[in-house]
Each structure stands twice: as C-alpha cells, then as structure tokens.
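What follows is the content of query_9.cif, which has mmCIF, C-alpha atoms:
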```
data_model
loop_
_atom_site.label_atom_id
_atom_site.label_comp_id
_atom_site.auth_asym_id
_atom_site.auth_seq_id
_atom_site.Cartn_x
_atom_site.Cartn_y
_atom_site.Cartn_z
CA MET A 12 15.27 12.63 76.43
CA ASN A 13 17.42 14.80 78.61
CA GLN A 14 18.94 13.21 81.69
CA ARG A 15 19.64 15.83 84.31
CA SER A 16 21.79 15.22 87.35
CA PRO A 17 20.32 16.30 90.71
CA LYS A 18 22.67 19.32 90.68
CA THR A 19 21.17 20.78 87.53
CA GLN A 20 17.57 20.09 88.53
CA PRO A 21 15.55 23.29 88.36
CA LEU A 22 14.70 24.97 91.69
CA PHE A 23 11.03 24.57 90.83
CA ALA A 24 10.67 20.93 89.76
CA PRO A 25 8.53 19.62 86.90
CA GLY A 26 5.54 17.45 87.70
CA HIS A 27 3.61 20.19 89.55
CA ARG A 28 -0.13 20.43 88.90
CA GLY A 29 -0.21 23.88 87.25
CA CYS A 30 -2.38 24.14 84.13
CA ALA A 31 -0.70 23.86 80.74
CA GLY A 32 0.66 27.34 80.02
CA CYS A 33 0.51 28.35 83.70
CA CYS A 34 1.66 31.91 84.32
CA ASN A 35 2.34 31.34 88.03
CA ALA A 36 4.71 28.46 87.31
CA MET A 37 6.58 30.74 84.90
CA ALA A 38 6.74 33.55 87.45
CA VAL A 39 8.02 31.25 90.21
CA LYS A 40 10.65 29.86 87.85
CA PHE A 41 11.91 33.37 86.96
CA ILE A 42 11.89 34.47 90.61
CA LEU A 43 13.92 31.46 91.78
CA ARG A 44 16.29 31.81 88.85
CA ALA A 45 16.95 35.41 89.86
CA ILE A 46 17.37 34.70 93.58
CA GLY A 47 19.15 31.33 93.44
CA SER A 48 18.92 28.56 96.02
CA ASP A 49 19.97 30.70 98.98
CA CYS A 50 16.53 31.82 100.18
CA ILE A 51 13.57 30.94 102.38
CA VAL A 52 10.25 31.19 100.57
CA ALA A 53 6.90 31.73 102.30
CA THR A 54 3.73 31.21 100.29
CA PRO A 55 0.14 31.77 101.39
CA THR A 56 -2.84 29.82 100.14
CA GLY A 57 -3.44 30.40 96.47
CA CYS A 58 -2.80 28.85 93.09
CA THR A 59 0.97 28.73 93.60
CA GLU A 60 0.67 26.83 96.88
CA VAL A 61 -2.07 24.48 95.68
CA PHE A 62 -0.45 23.34 92.46
CA SER A 63 3.13 23.21 93.76
CA THR A 64 2.54 21.06 96.85
CA PRO A 65 -0.13 18.38 96.45
CA TYR A 66 0.56 16.44 99.66
CA PRO A 67 2.86 14.49 100.06
CA GLU A 68 4.74 15.98 97.12
CA SER A 69 6.48 19.32 96.66
CA ALA A 70 7.88 21.01 93.58
CA TRP A 71 10.11 23.33 95.62
CA ASN A 72 13.84 22.65 95.79
CA VAL A 73 14.36 25.58 98.21
CA PRO A 74 13.27 25.92 101.86
CA TRP A 75 9.57 26.69 101.71
CA ILE A 76 6.73 27.27 104.17
CA HIS A 77 3.00 27.56 103.60
CA SER A 78 0.75 29.64 105.79
CA LEU A 79 -2.65 31.31 105.63
CA PHE A 80 -3.99 33.94 103.26
CA ASP A 81 -4.06 36.62 105.94
CA ASN A 82 -0.72 36.30 107.72
CA ILE A 83 1.95 35.50 105.18
CA ALA A 84 3.75 38.83 105.57
CA ALA A 85 3.78 38.23 109.34
CA VAL A 86 5.26 34.75 108.79
CA SER A 87 8.09 36.16 106.67
CA SER A 88 8.64 38.91 109.25
CA GLY A 89 8.95 36.16 111.87
CA ILE A 90 11.49 34.24 109.80
CA GLU A 91 13.54 37.40 109.34
CA SER A 92 13.34 38.26 113.07
CA ALA A 93 14.32 34.71 114.02
CA LEU A 94 17.40 34.91 111.81
CA LYS A 95 18.23 38.22 113.49
CA ALA A 96 17.78 36.74 116.97
CA LEU A 97 20.11 33.88 116.08
CA GLY A 98 22.74 36.36 114.94
CA ARG A 99 22.40 35.16 111.36
CA GLU A 100 20.97 38.34 109.91
CA GLY A 101 21.42 38.71 106.18
CA GLU A 102 22.68 35.13 105.82
CA THR A 103 19.80 34.21 103.57
CA LYS A 104 17.04 36.02 101.72
CA VAL A 105 13.49 35.92 103.03
CA VAL A 106 11.02 36.05 100.17
CA THR A 107 7.23 35.91 100.09
CA ILE A 108 5.58 34.72 96.89
CA ALA A 109 1.86 35.47 97.14
CA GLY A 110 -1.09 35.72 94.82
CA ASP A 111 -3.25 38.78 94.34
CA GLY A 112 -5.98 37.55 96.70
CA ALA A 113 -3.51 37.18 99.56
CA THR A 114 -1.86 40.50 98.75
CA VAL A 115 -4.52 43.03 97.79
CA ASP A 116 -7.49 41.63 99.76
CA ILE A 117 -6.95 39.27 102.65
CA GLY A 118 -3.31 39.77 103.61
CA LEU A 119 -3.09 43.53 103.15
CA GLN A 120 -3.08 44.36 106.87
CA ALA A 121 -0.23 41.91 107.61
CA LEU A 122 1.66 43.25 104.59
CA SER A 123 1.15 46.81 105.81
CA GLY A 124 2.40 45.85 109.28
CA ALA A 125 5.51 44.13 107.95
CA PHE A 126 6.38 47.16 105.81
CA GLU A 127 5.69 49.54 108.68
CA ARG A 128 8.10 47.63 110.95
CA GLY A 129 10.68 47.68 108.17
CA HIS A 130 11.65 44.01 108.05
CA ASN A 131 14.36 43.05 105.58
CA ILE A 132 12.03 40.98 103.37
CA THR A 133 10.98 40.90 99.73
CA TYR A 134 7.28 40.55 99.02
CA ILE A 135 6.40 39.35 95.53
CA CYS A 136 2.81 39.40 94.32
CA ILE A 137 1.95 37.23 91.32
CA ASP A 138 -1.18 38.99 90.14
CA ASN A 139 -3.49 36.90 87.94
CA GLU A 140 -6.30 39.34 88.70
CA ALA A 141 -8.84 37.05 90.47
CA TYR A 142 -9.09 34.07 92.85
CA MET A 143 -8.17 31.51 90.19
CA ASN A 144 -7.60 28.46 92.38
CA THR A 145 -11.16 28.44 93.76
CA GLY A 146 -12.76 29.09 90.38
CA VAL A 147 -12.24 32.70 89.23
CA GLN A 148 -13.88 34.89 91.86
CA ARG A 149 -13.41 38.66 91.79
CA SER A 150 -10.57 40.11 93.90
CA SER A 151 -9.71 43.78 94.28
CA GLY A 152 -6.93 43.07 91.78
CA THR A 153 -9.52 42.35 89.10
CA PRO A 154 -9.57 45.15 86.52
CA TYR A 155 -12.62 47.18 85.55
CA ALA A 156 -15.30 45.40 83.44
CA ALA A 157 -13.68 41.95 83.62
CA SER A 158 -16.10 39.05 83.91
CA THR A 159 -15.59 36.65 86.82
CA THR A 160 -17.96 34.16 88.45
CA THR A 161 -18.82 36.74 91.14
CA SER A 162 -19.01 39.69 88.72
CA PRO A 163 -20.86 38.18 85.78
CA PRO A 164 -21.97 40.48 82.96
CA GLY A 165 -25.67 40.69 82.17
CA LYS A 166 -28.56 43.09 81.66
CA ARG A 167 -27.64 45.20 84.70
CA SER A 168 -23.92 44.49 84.89
CA ILE A 169 -20.90 45.13 82.69
CA GLY A 170 -18.68 42.76 84.67
CA ASN A 171 -16.52 43.95 87.56
CA PRO A 172 -17.90 47.42 88.45
CA LEU A 173 -14.80 48.52 90.37
CA GLY A 174 -11.27 49.31 89.29
CA LYS A 175 -8.00 47.63 90.20
CA LYS A 176 -6.49 48.53 93.56
CA ASN A 177 -3.12 50.20 93.12
CA VAL A 178 -1.09 48.23 95.67
CA PRO A 179 2.38 49.23 94.37
CA GLU A 180 1.50 52.88 95.19
CA ILE A 181 0.30 51.81 98.65
CA MET A 182 3.65 50.13 99.26
CA VAL A 183 5.47 53.27 98.07
CA ALA A 184 3.43 55.22 100.63
CA HIS A 185 4.77 52.87 103.32
CA GLY A 186 8.24 54.20 102.57
CA SER A 187 9.52 51.05 100.84
CA PRO A 188 13.00 51.59 99.36
CA TYR A 189 12.21 49.59 96.21
CA VAL A 190 8.86 48.90 94.53
CA ALA A 191 8.54 47.52 91.01
CA THR A 192 5.83 46.31 88.65
CA THR A 193 6.61 43.77 85.96
CA SER A 194 5.00 41.05 83.83
CA VAL A 195 5.74 37.37 83.16
CA ALA A 196 5.82 38.22 79.46
CA TYR A 197 9.15 39.98 80.12
CA PRO A 198 11.29 37.32 81.89
CA LYS A 199 14.51 39.35 81.87
CA ASP A 200 12.65 42.32 83.37
CA VAL A 201 11.20 40.06 86.11
CA MET A 202 14.60 38.59 86.94
CA ARG A 203 16.36 41.97 87.01
CA LYS A 204 13.73 43.55 89.27
CA VAL A 205 13.48 40.58 91.64
CA LYS A 206 17.28 40.49 91.95
CA LYS A 207 17.36 44.20 92.71
CA ALA A 208 14.55 43.82 95.26
CA VAL A 209 16.26 41.04 97.23
CA GLU A 210 19.57 42.93 97.16
CA THR A 211 17.97 46.12 98.49
CA ARG A 212 17.92 46.33 102.29
CA GLY A 213 14.53 46.80 103.88
CA PRO A 214 11.02 45.79 102.87
CA THR A 215 10.78 45.63 99.08
CA TYR A 216 7.81 44.86 96.86
CA VAL A 217 7.52 43.44 93.33
CA HIS A 218 4.15 43.14 91.57
CA ILE A 219 4.13 40.69 88.65
CA GLN A 220 1.16 40.62 86.29
CA ALA A 221 0.46 37.04 85.19
CA PRO A 222 -2.08 36.26 82.44
CA CYS A 223 -4.02 33.17 83.57
CA THR A 224 -5.07 30.92 80.71
CA THR A 225 -7.97 29.39 82.65
CA GLY A 226 -9.40 32.48 84.32
CA TRP A 227 -8.86 35.06 81.58
CA GLY A 228 -9.94 32.61 78.90
CA PHE A 229 -7.36 32.30 76.16
CA ASP A 230 -5.49 29.43 74.53
CA THR A 231 -2.60 27.96 76.53
CA HIS A 232 0.11 29.06 74.07
CA LEU A 233 -0.86 32.75 74.35
CA THR A 234 0.26 33.44 77.95
CA VAL A 235 3.27 35.50 76.89
CA GLU A 236 1.50 37.24 74.01
CA ILE A 237 -1.42 38.43 76.20
CA GLY A 238 1.04 39.67 78.84
CA LYS A 239 2.89 41.67 76.19
CA LEU A 240 -0.37 43.17 74.90
CA ALA A 241 -1.29 44.36 78.43
CA VAL A 242 1.98 46.28 78.51
CA LYS A 243 1.86 47.53 74.92
CA THR A 244 -1.67 48.91 75.30
CA GLY A 245 -0.64 50.88 78.39
CA LEU A 246 -3.02 49.04 80.74
CA TRP A 247 -0.13 47.57 82.73
CA PRO A 248 2.83 49.96 83.01
CA LEU A 249 6.19 48.41 84.02
CA LEU A 250 7.71 50.70 86.63
CA GLU A 251 10.55 50.90 89.10
CA ILE A 252 10.14 53.17 92.13
CA THR A 253 13.22 53.72 94.29
CA ASN A 254 12.76 55.64 97.56
CA GLY A 255 9.48 57.11 96.33
CA GLU A 256 10.84 58.37 92.99
CA ILE A 257 10.02 56.74 89.66
CA THR A 258 13.43 55.61 88.42
CA GLY A 259 12.54 53.25 85.61
CA VAL A 260 9.72 53.07 83.06
CA HIS A 261 9.40 50.50 80.30
CA ARG A 262 8.68 52.67 77.25
CA ILE A 263 6.37 51.52 74.48
CA ARG A 264 7.39 52.11 70.87
CA LYS A 265 3.87 52.07 69.46
CA LYS A 266 0.92 52.11 71.84
CA LEU A 267 -1.80 49.70 70.69
CA PRO A 268 -5.55 50.30 71.11
CA VAL A 269 -7.00 48.40 74.11
CA GLU A 270 -9.32 46.36 71.83
CA GLU A 271 -6.30 44.33 70.70
CA TYR A 272 -5.81 43.18 74.30
CA LEU A 273 -9.51 42.83 75.27
CA ARG A 274 -10.62 40.93 72.17
CA ARG A 275 -8.28 38.00 72.89
CA GLN A 276 -9.81 37.17 76.27
CA ARG A 277 -13.05 35.45 77.26
CA ARG A 278 -13.41 37.64 80.37
CA TYR A 279 -13.98 40.72 78.14
CA ARG A 280 -16.06 39.01 75.46
CA HIS A 281 -19.29 40.66 76.64
CA LEU A 282 -17.88 44.07 75.73
CA PHE A 283 -17.98 43.14 72.06
CA THR A 284 -21.49 41.62 72.06
CA THR A 285 -23.49 44.21 74.00
CA PRO A 286 -24.31 47.83 73.06
CA GLU A 287 -23.00 49.10 76.43
CA GLY A 288 -19.67 47.46 75.67
CA GLU A 289 -18.51 50.25 73.35
CA GLU A 290 -18.77 52.83 76.11
CA VAL A 291 -16.86 50.54 78.52
CA ILE A 292 -14.09 50.00 75.97
CA ARG A 293 -13.83 53.78 75.66
CA GLU A 294 -13.48 54.04 79.46
CA LEU A 295 -10.76 51.35 79.45
CA GLN A 296 -8.99 53.24 76.66
CA GLU A 297 -9.11 56.33 78.86
CA ILE A 298 -7.46 54.38 81.70
CA ALA A 299 -4.69 53.30 79.30
CA ASP A 300 -4.28 56.84 77.99
CA ARG A 301 -4.08 58.23 81.52
CA ASN A 302 -1.38 55.66 82.38
CA ALA A 303 0.55 56.56 79.25
CA GLU A 304 0.39 60.25 80.05
CA HIS A 305 1.08 59.93 83.79
CA TYR A 306 4.09 57.61 83.46
CA GLU A 307 5.22 58.96 80.05
CA LEU A 308 5.05 55.46 78.57
CA GLU A 309 5.35 56.40 74.91
CA LEU A 310 8.70 56.90 73.27
CA MET B 1 -1.49 7.68 103.97
CA ARG B 2 0.26 8.73 107.21
CA LEU B 3 0.52 12.47 107.83
CA CYS B 4 3.74 13.62 109.44
CA ILE B 5 3.90 16.34 112.11
CA GLY B 6 3.89 19.78 110.52
CA GLY B 7 2.99 18.37 107.12
CA ILE B 8 6.61 18.32 106.01
CA VAL B 9 7.17 17.33 102.40
CA GLU B 10 10.44 16.36 100.68
CA PRO B 11 11.85 18.80 98.10
CA GLY B 12 11.33 18.21 94.39
CA THR B 13 9.11 15.17 94.90
CA THR B 14 6.57 16.17 92.25
CA LEU B 15 9.02 14.53 89.84
CA ALA B 16 7.14 11.31 90.66
CA ASN B 17 4.09 12.77 88.92
CA LYS B 18 4.57 12.44 85.16
CA THR B 19 2.38 15.17 83.68
CA GLY B 20 3.16 14.19 80.08
CA GLY B 21 -0.16 12.38 79.91
CA TRP B 22 -2.03 15.73 79.97
CA ARG B 23 -0.76 16.54 76.48
CA SER B 24 -2.87 16.54 73.33
CA PHE B 25 -0.34 18.36 71.13
CA LYS B 26 3.34 17.57 71.21
CA PRO B 27 6.16 20.04 70.46
CA GLU B 28 8.80 18.75 68.03
CA TYR B 29 12.07 20.46 67.11
CA HIS B 30 13.35 21.02 63.59
CA TYR B 31 16.95 21.70 64.58
CA GLU B 32 18.06 22.95 61.14
CA ARG B 33 16.31 26.27 61.97
CA CYS B 34 17.42 26.45 65.63
CA THR B 35 19.75 29.28 66.66
CA LYS B 36 20.18 27.89 70.21
CA CYS B 37 18.79 31.14 71.67
CA GLY B 38 17.23 29.29 74.60
CA LEU B 39 13.91 31.16 74.68
CA CYS B 40 12.02 27.84 74.82
CA GLU B 41 14.00 26.81 77.88
CA LEU B 42 13.43 30.19 79.54
CA LEU B 43 9.68 30.35 78.96
CA CYS B 44 8.65 26.73 79.61
CA PRO B 45 6.28 26.76 82.63
CA GLU B 46 7.14 23.12 83.33
CA SER B 47 10.93 23.61 83.41
CA CYS B 48 11.01 20.49 81.22
CA VAL B 49 13.23 21.92 78.45
CA ALA B 50 16.98 21.53 78.99
CA ARG B 51 20.14 22.17 77.02
CA GLY B 52 21.54 19.00 75.47
CA ASP B 53 25.16 18.10 74.71
CA GLU B 54 25.54 20.06 71.47
CA GLY B 55 23.80 23.17 72.75
CA TYR B 56 20.48 22.27 71.22
CA TYR B 57 17.47 22.19 73.50
CA GLU B 58 15.55 19.02 74.28
CA ILE B 59 12.13 18.44 75.82
CA ASP B 60 11.45 15.94 78.57
CA TYR B 61 8.20 14.44 77.28
CA ASP B 62 7.55 12.80 80.65
CA TYR B 63 6.52 16.22 81.97
CA CYS B 64 5.62 18.40 78.92
CA LYS B 65 1.92 19.34 79.14
CA GLY B 66 1.85 20.55 75.53
CA CYS B 67 0.90 24.17 76.26
CA GLY B 68 2.67 25.31 73.08
CA ILE B 69 4.30 28.47 74.49
CA CYS B 70 7.72 27.31 73.22
CA ALA B 71 6.40 26.81 69.67
CA HIS B 72 4.43 30.09 69.66
CA GLU B 73 7.26 32.24 71.01
CA CYS B 74 10.15 30.63 69.08
CA PRO B 75 11.54 33.43 66.86
CA THR B 76 12.64 31.07 64.06
CA GLY B 77 9.72 28.62 64.05
CA THR B 78 11.94 25.71 65.05
CA ILE B 79 9.26 24.03 67.12
CA GLU B 80 6.14 22.54 65.59
CA MET B 81 3.09 21.33 67.52
CA VAL B 82 1.91 17.95 66.21
CA LEU B 83 -1.05 15.89 67.32
CA GLU B 84 -0.08 13.45 70.05
CA VAL B 85 -0.51 9.85 68.92
CA LYS B 86 -0.55 7.23 71.64
#
```
Write out the structure in this file as structure tokens.
Amino acid sequence: MNQRSPKTQPLFAPGHRGCAGCCNAMAVKFILRAIGSDCIVATPTGCTEVFSTPYPESAWNVPWIHSLFDNIAAVSSGIESALKALGREGETKVVTIAGDGATVDIGLQALSGAFERGHNITYICIDNEAYMNTGVQRSSGTPYAASTTTSPPGKRSIGNPLGKKNVPEIMVAHGSPYVATTSVAYPKDVMRKVKKAVETRGPTYVHIQAPCTTGWGFDTHLTVEIGKLAVKTGLWPLLEITNGEITGVHRIRKKLPVEEYLRRQRRYRHLFTTPEGEEVIRELQEIADRNAEHYELEL
Amino acid sequence: MRLCIGGIVEPGTTLANKTGGWRSFKPEYHYERCTKCGLCELLCPESCVARGDEGYYEIDYDYCKGCGICAHECPTGTIEMVLEVK
C-alpha cells in the first residue's frame, strides 16, 4: 500500500464516483497534470461535475466552481474579468472543463460570446459524444449512425441520423489563436496541447475525444484502445490550428478500416445485424476517407 | 446534513469514499517483468497508482475500481487481473 503525503496527492483525488475505466477522469487528470495547481477551474453540469463532487465531497484539489450547462463560458469570462479588475491579470490560469452537451449544444452561445470578447481563457471540451450522465441521450456531438436512447435503431432508423457538429472549426472561425483536437488515448498529446493552450494569450479551445465505457458499450479495460482506433481509422483526426492555419496533424502509419472501430462498440452493433448497416458503414468509411484526404492524415 | 451557503465543499474530500469495494477483478504486479515505464500510473483513471520507494509502481487497493486499463495497456504484461476474493 502506498502512503502518500498531502503534498504528493494528485490534483484530482481518488474516491470520485466515475465508472471503472472512466474517460473523463483520465482527461481531467491529464489536464490538471499539464496545467499544475495554479489555475481556477469552472465546470458546468455534466458527468465530470456529477462524479467529482457528490455533496459534501469534492475530488478537486484546485480552486473549482460549478455552474449551469448554458453559462459556463460566461462564468469563466467573469473570473478572468474579475482578476483583471483587481489588477491581478495573468496571475493564474482560468480554465473551463466542459462536456460535449454543455459545449456543442446548450452552452454554445455563451462560448461564442466569450470567444468574441476575446477573454484570456482556455475552454476544454471532454467529448464523450452524448449526454452520458443522464443516461446516454443524443447530443450534437454524437456521430452519425450511433445508437443512443433518443436515437434508437429500428425498422425506420439507423441510429443518429445527423452528423457530428464540427465545433473546433467554429472556434477557429471566431478567430481563436489556438484550437486543438486530441484524444484521451494519447495522454502526452493531451498534456502538450493543453499546456500550449493555457500558455497562449487569448481565448483558446481544446477538444478531447473520450471513449465512454458505459455509453459507447465496451469493456472497462478498452477505453484507451477504442480511443486509439478512432484516431487510426481516421474518424477522429488530431489537429492543431494556430491563428487559423493547420500547424500540426497526427499522421497515421496504416489507416485501418472503420469496421475495426465500429465492431468493438455496442452503440454501432445494429450496423452489423441489419441489411441497411452495410450501406451506413460505407458512408462512415467515406467520412473517414474524406478526413484522411482533407487533413493529409496518412504518412 | 447541513448545507453551507454557496454549497462550498472542501478539496480532495472524496478520499473518504473508498471505491475499492466496486472491484470484481484485482490487478496484481509481477515485478520481474516491470520496466518502471510508468504507463500504469499515467493511465489510471482513479489516480490510485503511485511510484514506490524502489521505483516500482504500487496500487492503492482502497480506491482501485478494477477497470483493468493498467493491465491491458502494460507493454510488458507485468500486471495480471485476478478474481477478487473477499
């Protein structure tokens, strides 16, 4: 048994209520490891908030505030402005850690406003591609054809009929100086990009894909493997966009067919049991191929 | 339970909640294969793996939920998942 002194306690303490193999807990751990203890974290409602702070406990060992789904970017803007008003600008880093529901659906207008005003904040979206904490409902981060409780597959449905909203591109369009996409399966990549984002002045955005064992339907030990497959099939490109220009692309040595990624998850199981599934898999393969061509993913 | 104004909570207090009881499989190290790379410590979602005195990594079984990521991702197969016996 290891006995750790309070000084070496992790910034995100054990004992939180995240599922076994939780991707969000991993993402938060990497983020805090990259930033260090000198930060103020704002988190909206979502998995991260619910499992990290069951009242009266908290897993956070950094200053932390919870607010609503729809205003978290406004809350971080307020923290940054308050620091400025007190003449303590740049003394600490203001970071938002939000889920995909709070980022791509409910909180998008506040996020857009914060980026328009140009606050010196870092907004990090941990994207597990549905509303996992309320029981896997579809969000606009849910990819095409994925099964959720509000987009169930059946005779007249192939799962989620709509594609994934491209929020990183929206943030680039806001004139953000640094936008990056990454995945929890690549911890060093996450830490490097988060570090760069908090060190860049102005509103910066990092989008982390996080495979959710409960919602996506795979065994708890596969979190990292599924995340790697999403990247290796070309469905989730890892990018860095500095001042509107693509400055970094994670290249894939050998691009895998999308079936390898889809077959491992319960949310895509219907594609392999219905006759319409084959056509949908072909469409998903086209999405991956388009990504690979557009971002020049292959070595 | 008395609620305080603003719902303020003390940092790191989830430590009082021992999640080890969630586990059905338990990771065990076979140190003769360990290269001390630290991947298990990096990937653990619980932050319950820590570096011991001799550089080998140790698991705090009070908190380990037995997800098995450490055993699955270990490049040398140092960690084995065994059925939890209570």
Spatial neighbours of B:Lys36, 9 Å, only C-alpha atoms, chain gap at least 3 places, as a short mmCIF file (atom, residue, chain, number, x, y, z; two decimals) with C-alpha atoms, in the frame of the given file:
```
data_model
loop_
_atom_site.label_atom_id
_atom_site.label_comp_id
_atom_site.auth_asym_id
_atom_site.auth_seq_id
_atom_site.Cartn_x
_atom_site.Cartn_y
_atom_site.Cartn_z
CA TYR B 31 16.95 21.70 64.58
CA LEU B 39 13.91 31.16 74.68
CA ARG B 51 20.14 22.17 77.02
CA GLY B 55 23.80 23.17 72.75
CA TYR B 56 20.48 22.27 71.22
CA TYR B 57 17.47 22.19 73.50
#
```
> Leaving out A:Pro74 and any residue of its chain fewer than 6 positions from it, which residues lie within 10 Å of it when counting all atoms listed in the file, given as a list in words?
Replying inline: Ser48, Asp49, Cys50, Ile51, Val52 and Ala53 of chain A; Pro11 of chain B
> Which of these residues is nearest to chain A, using all atoms listed in the file: B:Leu42, B:Ile69, B:Cys37, B:Cys74?
Replying inline: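 Counting all atoms listed in the file, the residue closest to chain A is B:Ile69.
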>> Show me, as a ChimeraX atom specification, the residues that have an atom within 12 Å of B:His30 when counting only C-alpha atoms, minus same-chain residues fewer than 4 positions from it.
In response: /B:34-36,56-58,71,74,76-81
With chain B as the partner and 10 Å as the cut-off, tabulate the residues of chain A that qualify, each row holding the nearest pair of atoms and their distance in Å to one decimal, using all atoms listed in the file, sorted by chain and rising number, as a tab-separated table.
```
residue	atom	partner	partner_atom	distance
A:Met12	CA	B:Asp60	CA	5.5
A:Asn13	CA	B:Asp60	CA	6.1
A:Gln14	CA	B:Asp60	CA	8.6
A:Arg15	CA	B:Ala50	CA	8.2
A:Pro17	CA	B:Gly12	CA	9.9
A:Thr19	CA	B:Ala50	CA	9.5
A:Gln20	CA	B:Gly12	CA	8.8
A:Pro21	CA	B:Ser47	CA	6.8
A:Leu22	CA	B:Gly12	CA	8.0
A:Phe23	CA	B:Gly12	CA	7.3
A:Ala24	CA	B:Gly12	CA	5.4
A:Pro25	CA	B:Glu46	CA	5.2
A:Gly26	CA	B:Thr14	CA	4.8
A:His27	CA	B:Thr14	CA	5.7
A:Arg28	CA	B:Thr19	CA	7.8
A:Gly29	CA	B:Glu46	CA	8.4
A:Cys30	CA	B:Lys65	CA	8.2
A:Ala31	CA	B:Cys67	CA	4.8
A:Gly32	CA	B:Cys67	CA	4.9
A:Cys33	CA	B:Pro45	CA	6.1
A:Cys34	CA	B:Pro45	CA	7.1
A:Asn35	CA	B:Pro45	CA	8.1
A:Ala36	CA	B:Pro45	CA	5.2
A:Met37	CA	B:Pro45	CA	4.6
A:Ala38	CA	B:Pro45	CA	8.3
A:Val39	CA	B:Pro45	CA	9.0
A:Lys40	CA	B:Pro45	CA	7.5
A:Phe41	CA	B:Leu42	CA	8.2
A:Arg44	CA	B:Leu42	CA	9.9
A:Ser63	CA	B:Thr14	CA	8.0
A:Thr64	CA	B:Thr14	CA	7.8
A:Pro65	CA	B:Thr14	CA	8.2
A:Tyr66	CA	B:Val9	CA	7.2
A:Pro67	CA	B:Val9	CA	5.7
A:Glu68	CA	B:Thr13	CA	5.0
A:Ser69	CA	B:Thr13	CA	5.2
A:Ala70	CA	B:Gly12	CA	4.5
A:Trp71	CA	B:Gly12	CA	5.4
A:Asn72	CA	B:Pro11	CA	4.9
A:Val73	CA	B:Pro11	CA	7.2
A:Pro74	CA	B:Pro11	CA	8.2
A:Trp75	CA	B:Pro11	CA	9.0
A:Ile76	CA	B:Ile8	CA	9.1
A:His77	CA	B:Gly7	CA	9.8
A:Val195	CA	B:Leu43	CA	9.1
A:Ala196	CA	B:Leu43	CA	8.8
A:Tyr197	CA	B:Leu43	CA	9.7
A:Pro198	CA	B:Leu43	CA	7.7
A:Lys199	CA	B:Leu42	CA	9.5
A:Asp230	CA	B:Cys67	CA	8.5
A:Thr231	CA	B:Cys67	CA	5.2
A:His232	CA	B:Ile69	CA	4.3
A:Leu233	CA	B:Ile69	CA	6.7
A:Thr234	CA	B:Ile69	CA	7.3
A:Val235	CA	B:Ile69	CA	7.5
A:Glu236	CA	B:Glu73	CA	8.2
```
